[in-house]
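First up is the structure itself, then whatever we jot down about it.
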Amino acid sequence: MKKINDKNINKYWQKLFILFVILIILLSALIVLQIINKNNLRELKTETFNTKYDSSWKAKKINNNEVNFKHDKNITLDLKTIKLEDEDKYLEISSYITDFINEIAKQNKDYKLIAQEEDKFTKNNYDGYKLLYEKEDNQVIVSIFKKTDYIIIFTYEAPTKYFDIVLDSAENIIYNFDINSPNMELSYKLEIKENKIEWNKNSELDKNLKDNSSYKVANNNYLVNFSIPNNFKLTSINSKLPQFSYNIAKGNLYLDATVYNENIYDYISAEGTLNSNYKYIKNNKDYKNFKEGLEEGKDKNLFYIYKNSYEFSNSKYEECVLIYELDNSHIFVVKIKATNTTISRDLVDKIKLEKQKNYSSYSENKKIDDMLISTLKKFSDNNHQKITYVDIKLPTKYKELDKSLNIYENKNFGLNYQDDRDYVYEVEYAFRINEESAISLGTTNIDYYKNRNNFKGLSYKEEVTLNNKQFKVYEAGYNDYTNNLFASNKKEYYTDVKYLIYNQDNIWISILIKGKGEDVTSEILNDISNFDINIK
Amino acid sequence: MKKGIVLIVGIICFILPVEAKNDFDISINNLPFLNNKSTINTNFNQTYQLESKNNVNEDKTITELTKKVTNLLLGDFNNTKESSKHFYQRHQEYLALRYNPKVPKDENSYSGLDENSEEYKDDILSGLSVPGMFNKLNELNIIYNYFGNIRISKTDNAIMSIIELPNVTMKLEKAEEPLEYETRSTNLILYYYFKKLDNEYKLYYLMGETKDNLDDYFNEVEANENSNSLSISSEVSNDLNKLYSFDKINNITVDQINSIYDKNKNYLVNLSSIYNSENVAFANGIIINDGLVLTTWNFVEKSLNNAQQIIISQKEQTYKMDGLVFYDEDLDLALIKLKEKTNGHIELGNAQNLKTEDPVICLSTQTGVGLTSYKGIVIANDNYLQTSIALSNNDQGSPLFNLDNQVIGLNNSKGVNSDISLAINAEVLKEIQTKFNNISFEDIDYVTFTKLKEDYYYHQHNNEIINKDLDEAKYQQYLKIGNIEKNINLELVKINKAKNAVSFRYKNSVSSYLNSLDMAQPFIKELEKQGFKQEFKADKKLIYKNNSYQIVIKQEFNYLIIVMVKL
């Protein structure tokens, strides 16, 4: 009997032993995983807050408002959040920090306050206070800060030996902390009515479509590179609204492109710009057989295609609008208008948005041999066969400013930036049609300051030769003020204005230079009159 | 077998983490602001407590509407990625909040509407400002994380709500490279005006201001303050002139301002508190009764918290103080008793009849050396007297005057750093003046600054235990890294080691002049020479690394902490 019992007991212990071995293997696997995941952050989320911590900590959730993080060697990080009542939530933390510190002292009499400071907490920089306490061999940092109606208290305590060493890891938990914010609920429903577009084949167009050529448009703080079939000829070198045309068979296609500062749905909704553009046509009996459609297209950007067709005065028209989302408040829009021909799907599919960039303002900062090179461009003639290039060469101390986001038509530069008046010197280059127009536009520019002290209107001064070129020089002036000051003791200075007009083979260029608080010197006049004109 | 199992159990118990428990604890149930307790009052003569109460208008409707408008205007908290669809919906919901009253018709006018009616003007103003502000602010890509203070007051024909949004970031042109954007952090204050339409509050006007704009203005004011004459400040550029007429202040002459100054200069004081010769807090104050100075509780509390003493002075005179007579936290007022009675005190005027657009003058010192005058108008006169004078932190406690040279308000700390400041109006100040006129100076009870600090403010700057816990051999090894001993010229307070890490803690006694990370520059340069590469950089932390070590350099309090970890 005893032998049989012994045998059963041994079997029992064997099974237990196997179970323990399995447990050890699992524990070891866990330890190995921890070592592998050492650098990965773990996420902790409660109903109230969320944060991340590295694997050297173990998190224990007490409730939705309290978590205790434990490191080894008796190192802890406690997190507590308190929801404030309405009457307290708008108070600054500074208004109760003193009471708070007194209360901590009462609750923790053995701890001495070593240091305190105001600080900012978490990646969102909430204002708060940090306190350092010490008792024998332990130190404590209490971090208290506020977000709206929550007070958050982190308490990091560690033996002095490890305090500084583990501090950074503890502060990373604070850095990653945030109170869960409820998502904003919106009740307005977006309704976009899509209608299938009727595409008419245009075999003449489709079989002759060439490869694409690239162009740029710069407007509303965006620079967009796009490409269209080479069949389209540029008819206007306009950086805000380049225009193209293509004559085909008995018809004609016109295309332009621009950037709007508008949300894509604002543009295409029932009350939006797109619909209001064609409201007149839709409601006017003279326009017959009006049909329209709107579809979402396929592109890396959110993209819609609108197309309509109608007849008017014995001619057939089609208009197609391609709307690309650049961001939630900017769109790139290509408009195609067909007269007595049709816009085919193949043509639309060839049009591409290549690149987009959000600039505060656009310019080309080309530098050659320590000189800043900038080019004005325009068609030389109405046949659009040749382009006039004006290559401006300025020392690199001049900075190109693009105040009106024109790449080709105007160029603006600044010299000597100062906090109180932006650039001391500002230069503006522009094409003009003729001398009268140049003087007229210069006068309009200066007369804007008519009511200023010491105003002197634009008047002819002399002819000068600069950089082997003959310029007619006009001058003007007025008092201006340093920024942000409007009352009696604002700083006033005299703005010296010179306006240069140049003509070469009927190509008229004006250069307006302002010296804000400084005279426009001959050195500066020499700098700004260095340019070459070429026709290609 | 049994021994094997016991051994295994023992190993498991050893591996499993021991329950860590530390002694420091904060029981949140006892936190005073949760129970609305304030024990400091028990030291003061209770008969001095004011009857005037600050009846803050807690209109929850307007508060919630303010938050809603802000959410719709700027998007959700921390809104870095918003879809076009969400943007569109938000935009439409925001526009639905616009105040658009029914404008009476007038067949004879060009528009067919009565262009002289209030409704027409309001419709034009809201039609321009409400949609316009949405576009303007959204171009700035403002990211905000929480709502700050909201204060509400009734103006003559609208409800005004001011919301502060601390620590927002916005996308602006780079100052010297205007072709590129940069992200800048600032505080944003938004001002909303609501009017009722069909029993619902609608948004009729709004404007905004950033702390950067105000900082530039305050720096200019401070720079202009001089000891030889009264400086006259320029005006802040903002959009208040779209809502209010400033005509009444345009007629104020320099002689009028000088007359206010001449009559009152002996009763205006500045207060500064110091710790170890460093300035801790600054404020203005007025001599409200002979020998009694009224200033803000905010200043006094900061001083009790952090300073060793308060100095009260005028241009050519310093006063000694006995102590604090009473304070009112709600009203942000504190009354200080001087050691000696003064000759005379401020004259108070009538604030009850002040109306919107009435002119006011403020006299304040930013530097303690000179005095600046500010002109403004009354914006609201309900719980507080609110004026269009932008004031900085140092201007708290400064008086507001009417054109009869009388004080009609005292600016408190709650409205500083915004376009519209707050003042306690003269009716409250009169209660204080009357109360203490009836008590002889010698009989006025007070509590000394020292006693208050001892009883209620524990913040003694205790010294740390200096601790060097590292054997010499290891110490020498770590000293080579960055040549730390030679390159850090600060007092070494602690060295600690743990497994593969060593930490050095240095005390920076000149932290108010040079920050600790700056003091570590020679050490950092040496690290770079030794082949360490910068892995991380933030305001108060740097991390350098090579194949063998990671070096964390941190600034904590007035310490420089360097942790070297062997990889």
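Numbering starts fresh at 1 for the residues of each chain in the structure tokens, the chains themselves are lettered A, B, ... in the order given, and ligands are numbered from 1 as they appear.
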Find the spatial neighbours of Thr253 in chain B, counting only C-alpha atoms, within a cut-off of 12 Å - ignore same-chain residues fewer than 5 positions away - and output them as an MDAnalysis selection string.
-> (chainID A and resid 488) or (chainID B and resid 232 248 258:260 361 373 375 403)
Can you pull out every residue within 12 Å of range 103-106 of chain B, counting only C-alpha atoms, but drop anything in the same chain fewer than 4 positions away, and send it as a PyMOL selection string?
-> chain B and resi 99+110-124
Identify, on the basis of only C-alpha atoms, every residue whose closest approach to Glu535 in chain B does not exceed 12 Å; exclude the query and any residue fewer than 2 positions from it along the same chain; express the result as an NGL selection string.
-> :B and (528 or 532-533 or 537-538 or 541-546 or 550-553)
Where in range 119-326 of chain B does DSSP assign alpha helix (DSSP H), given as number ranges by chain?
-> B: 119-139, 211-224, 247-250, 254-264, 297-306
Selected residues written out, C-alpha atoms, as a PDB file, in the first residue's frame:
ATOM      1  CA  GLU B 119     -29.424  97.144 -37.423  1.00  0.00           C
ATOM      2  CA  TYR B 120     -27.866  98.182 -40.712  1.00  0.00           C
ATOM      3  CA  LYS B 121     -24.594  99.217 -39.061  1.00  0.00           C
ATOM      4  CA  ASP B 122     -24.508  96.049 -36.976  1.00  0.00           C
ATOM      5  CA  ASP B 123     -25.188  93.916 -40.025  1.00  0.00           C
ATOM      6  CA  ILE B 124     -22.335  95.534 -41.948  1.00  0.00           C
ATOM      7  CA  LEU B 125     -19.941  95.244 -39.002  1.00  0.00           C
ATOM      8  CA  SER B 126     -20.745  91.613 -38.291  1.00  0.00           C
ATOM      9  CA  GLY B 127     -20.822  90.794 -42.000  1.00  0.00           C
ATOM     10  CA  LEU B 128     -17.242  91.992 -42.341  1.00  0.00           C
ATOM     11  CA  SER B 129     -15.684  90.946 -39.076  1.00  0.00           C
ATOM     12  CA  VAL B 130     -17.225  87.535 -38.425  1.00  0.00           C
ATOM     13  CA  PRO B 131     -16.378  85.774 -41.722  1.00  0.00           C
ATOM     14  CA  GLY B 132     -13.189  87.821 -42.131  1.00  0.00           C
ATOM     15  CA  MET B 133     -11.759  86.753 -38.787  1.00  0.00           C
ATOM     16  CA  PHE B 134     -12.330  83.085 -39.634  1.00  0.00           C
ATOM     17  CA  ASN B 135     -10.224  83.362 -42.774  1.00  0.00           C
ATOM     18  CA  LYS B 136      -7.557  85.478 -41.071  1.00  0.00           C
ATOM     19  CA  LEU B 137      -7.099  83.122 -38.129  1.00  0.00           C
ATOM     20  CA  ASN B 138      -7.183  79.958 -40.193  1.00  0.00           C
ATOM     21  CA  GLU B 139      -4.372  81.245 -42.389  1.00  0.00           C
ATOM     22  CA  LYS B 211       1.194  88.572 -26.340  1.00  0.00           C
ATOM     23  CA  ASP B 212       4.017  89.325 -28.786  1.00  0.00           C
ATOM     24  CA  ASN B 213       2.272  92.492 -29.953  1.00  0.00           C
ATOM     25  CA  LEU B 214       1.730  93.595 -26.370  1.00  0.00           C
ATOM     26  CA  ASP B 215       5.292  92.711 -25.307  1.00  0.00           C
ATOM     27  CA  ASP B 216       6.682  95.016 -27.992  1.00  0.00           C
ATOM     28  CA  TYR B 217       4.448  97.782 -26.709  1.00  0.00           C
ATOM     29  CA  PHE B 218       5.352  97.237 -23.033  1.00  0.00           C
ATOM     30  CA  ASN B 219       9.075  97.165 -23.838  1.00  0.00           C
ATOM     31  CA  GLU B 220       8.732 100.472 -25.585  1.00  0.00           C
ATOM     32  CA  VAL B 221       6.850 101.991 -22.641  1.00  0.00           C
ATOM     33  CA  GLU B 222       9.511 100.765 -20.210  1.00  0.00           C
ATOM     34  CA  ALA B 223      12.304 102.121 -22.358  1.00  0.00           C
ATOM     35  CA  ASN B 224      10.685 105.543 -22.453  1.00  0.00           C
ATOM     36  CA  ASP B 247     -12.989 111.152 -29.228  1.00  0.00           C
ATOM     37  CA  LYS B 248     -13.172 112.036 -25.554  1.00  0.00           C
ATOM     38  CA  ILE B 249      -9.563 111.089 -24.916  1.00  0.00           C
ATOM     39  CA  ASN B 250      -8.252 112.799 -28.027  1.00  0.00           C
ATOM     40  CA  VAL B 254      -0.693 117.229 -21.607  1.00  0.00           C
ATOM     41  CA  ASP B 255      -1.489 119.912 -19.026  1.00  0.00           C
ATOM     42  CA  GLN B 256      -4.428 117.914 -17.752  1.00  0.00           C
ATOM     43  CA  ILE B 257      -2.261 114.826 -17.373  1.00  0.00           C
ATOM     44  CA  ASN B 258       0.461 116.847 -15.631  1.00  0.00           C
ATOM     45  CA  SER B 259      -2.137 118.274 -13.280  1.00  0.00           C
ATOM     46  CA  ILE B 260      -3.216 114.747 -12.249  1.00  0.00           C
ATOM     47  CA  TYR B 261       0.423 113.854 -11.750  1.00  0.00           C
ATOM     48  CA  ASP B 262       1.245 116.965  -9.698  1.00  0.00           C
ATOM     49  CA  LYS B 263      -1.699 116.503  -7.414  1.00  0.00           C
ATOM     50  CA  ASN B 264      -1.176 112.784  -6.793  1.00  0.00           C
ATOM     51  CA  TRP B 297      -2.953  90.537  -3.221  1.00  0.00           C
ATOM     52  CA  ASN B 298      -1.295  88.840  -6.191  1.00  0.00           C
ATOM     53  CA  PHE B 299       1.885  90.836  -5.553  1.00  0.00           C
ATOM     54  CA  VAL B 300       1.838  90.280  -1.793  1.00  0.00           C
ATOM     55  CA  GLU B 301       1.243  86.565  -2.118  1.00  0.00           C
ATOM     56  CA  LYS B 302       4.063  86.167  -4.604  1.00  0.00           C
ATOM     57  CA  SER B 303       6.304  88.027  -2.199  1.00  0.00           C
ATOM     58  CA  LEU B 304       5.283  85.904   0.775  1.00  0.00           C
ATOM     59  CA  ASN B 305       5.936  82.842  -1.332  1.00  0.00           C
ATOM     60  CA  ASN B 306       9.331  83.755  -2.674  1.00  0.00           C
TER      61      ASN B 306
END
For range 473-476 of chain A, find every residue with an atom within 7 Å (counting only C-alpha atoms), except residues of its own chain fewer than 2 positions away, and show them as a PDB file with N, CA, C and O atoms, in the first residue's frame.
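Output below, filename out_2.pdb:
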ATOM      1  N   LYS A 456       6.331 115.095 -50.704  1.00  0.00           N
ATOM      2  CA  LYS A 456       6.807 115.704 -51.955  1.00  0.00           C
ATOM      3  C   LYS A 456       6.368 114.778 -53.079  1.00  0.00           C
ATOM      4  O   LYS A 456       6.759 113.608 -53.133  1.00  0.00           O
ATOM      5  N   GLY A 457       5.542 115.249 -53.990  1.00  0.00           N
ATOM      6  CA  GLY A 457       5.012 114.430 -55.080  1.00  0.00           C
ATOM      7  C   GLY A 457       6.090 114.071 -56.085  1.00  0.00           C
ATOM      8  O   GLY A 457       7.162 114.672 -56.135  1.00  0.00           O
ATOM      9  N   LEU A 458       5.792 113.094 -56.939  1.00  0.00           N
ATOM     10  CA  LEU A 458       6.762 112.609 -57.931  1.00  0.00           C
ATOM     11  C   LEU A 458       7.086 113.729 -58.930  1.00  0.00           C
ATOM     12  O   LEU A 458       6.187 114.300 -59.543  1.00  0.00           O
ATOM     13  N   SER A 459       8.390 114.002 -59.109  1.00  0.00           N
ATOM     14  CA  SER A 459       8.770 115.043 -60.078  1.00  0.00           C
ATOM     15  C   SER A 459      10.088 114.631 -60.753  1.00  0.00           C
ATOM     16  O   SER A 459      10.940 113.980 -60.143  1.00  0.00           O
ATOM     17  N   TYR A 460      10.234 115.065 -61.983  1.00  0.00           N
ATOM     18  CA  TYR A 460      11.422 114.709 -62.767  1.00  0.00           C
ATOM     19  C   TYR A 460      12.646 115.401 -62.184  1.00  0.00           C
ATOM     20  O   TYR A 460      12.626 116.579 -61.846  1.00  0.00           O
ATOM     21  N   LYS A 461      13.751 114.609 -62.083  1.00  0.00           N
ATOM     22  CA  LYS A 461      14.973 115.215 -61.547  1.00  0.00           C
ATOM     23  C   LYS A 461      16.026 115.375 -62.657  1.00  0.00           C
ATOM     24  O   LYS A 461      16.476 116.451 -62.959  1.00  0.00           O
ATOM     25  N   GLU A 462      16.412 114.242 -63.258  1.00  0.00           N
ATOM     26  CA  GLU A 462      17.525 114.306 -64.214  1.00  0.00           C
ATOM     27  C   GLU A 462      17.642 112.991 -64.966  1.00  0.00           C
ATOM     28  O   GLU A 462      16.968 112.020 -64.626  1.00  0.00           O
ATOM     29  N   GLU A 463      18.533 113.023 -65.967  1.00  0.00           N
ATOM     30  CA  GLU A 463      18.868 111.774 -66.659  1.00  0.00           C
ATOM     31  C   GLU A 463      20.223 111.323 -66.154  1.00  0.00           C
ATOM     32  O   GLU A 463      21.139 112.139 -66.041  1.00  0.00           O
ATOM     33  N   PHE A 471      18.915 106.329 -67.717  1.00  0.00           N
ATOM     34  CA  PHE A 471      17.664 106.281 -66.953  1.00  0.00           C
ATOM     35  C   PHE A 471      17.136 107.694 -66.769  1.00  0.00           C
ATOM     36  O   PHE A 471      17.910 108.642 -66.571  1.00  0.00           O
ATOM     37  N   ASP A 496      12.938 108.506 -48.580  1.00  0.00           N
ATOM     38  CA  ASP A 496      13.459 109.109 -49.812  1.00  0.00           C
ATOM     39  C   ASP A 496      13.117 108.188 -50.971  1.00  0.00           C
ATOM     40  O   ASP A 496      13.490 107.016 -50.960  1.00  0.00           O
ATOM     41  N   VAL A 497      12.403 108.691 -51.973  1.00  0.00           N
ATOM     42  CA  VAL A 497      11.945 107.838 -53.088  1.00  0.00           C
ATOM     43  C   VAL A 497      12.635 108.262 -54.378  1.00  0.00           C
ATOM     44  O   VAL A 497      12.691 109.444 -54.704  1.00  0.00           O
ATOM     45  N   LYS A 498      13.161 107.275 -55.079  1.00  0.00           N
ATOM     46  CA  LYS A 498      13.674 107.513 -56.441  1.00  0.00           C
ATOM     47  C   LYS A 498      12.943 106.569 -57.383  1.00  0.00           C
ATOM     48  O   LYS A 498      12.727 105.398 -57.045  1.00  0.00           O
ATOM     49  N   TYR A 499      12.572 107.059 -58.557  1.00  0.00           N
ATOM     50  CA  TYR A 499      11.822 106.253 -59.528  1.00  0.00           C
ATOM     51  C   TYR A 499      12.574 106.337 -60.843  1.00  0.00           C
ATOM     52  O   TYR A 499      12.715 107.407 -61.429  1.00  0.00           O
ATOM     53  N   LEU A 500      13.083 105.192 -61.288  1.00  0.00           N
ATOM     54  CA  LEU A 500      13.900 105.150 -62.500  1.00  0.00           C
ATOM     55  C   LEU A 500      13.081 104.555 -63.635  1.00  0.00           C
ATOM     56  O   LEU A 500      12.437 103.520 -63.457  1.00  0.00           O
ATOM     57  N   ILE A 501      13.143 105.184 -64.789  1.00  0.00           N
ATOM     58  CA  ILE A 501      12.433 104.640 -65.962  1.00  0.00           C
ATOM     59  C   ILE A 501      13.463 104.385 -67.058  1.00  0.00           C
ATOM     60  O   ILE A 501      14.278 105.257 -67.375  1.00  0.00           O
TER      61      ILE A 501
END
Find the residues near Val369 in chain B: any atom within 9 Å, counting only C-alpha atoms, skip ones fewer than 4 places away on the same chain, and give them as a list in words.
->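 Near neighbours after the sequence-gap exclusion: Glu225, Asn226, Ser227, Gln314, Lys315 and Thr365 of chain B.
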Using only C-alpha atoms, determine which residues lie at most 6 Å from range 195-209 of chain B, disregarding the query and same-chain residues fewer than 6 positions distant; provide the list as a count of residues only.
-> 7
Every residue of range 37-227 of chain B that DSSP places in strand (DSSP E or B), as a PyMOL selection string = chain B and resi 98+105+113+143+150-154+159-173+181-197+200-210
Please indicate the distance in Å from CA of Gly272 in chain A to CA of Lys298 in chain A, rounded to one decimal place.
->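 If I compute the distance from CA of Gly272 in chain A to CA of Lys298 in chain A, I get 21.9 Å.
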Mind pulling up the distance from CA of Leu492 in chain B to CA of Leu560 in chain B?
->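 Computed distance, CA of Leu560 in chain B to CA of Leu492 in chain B, equals 9.3 Å.
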To one decimal in Å, tell me the separation between CA of Ile281 in chain A and CA of Tyr254 in chain A.
->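 Between these atoms lies a distance of 18.6 Å.
Restricting the calculation to only C-alpha atoms, the smallest distance between Tyr144 in chain B and any of A:Asn125, A:Asn108, A:Gln356, A:Thr375 is found for A:Asn125.
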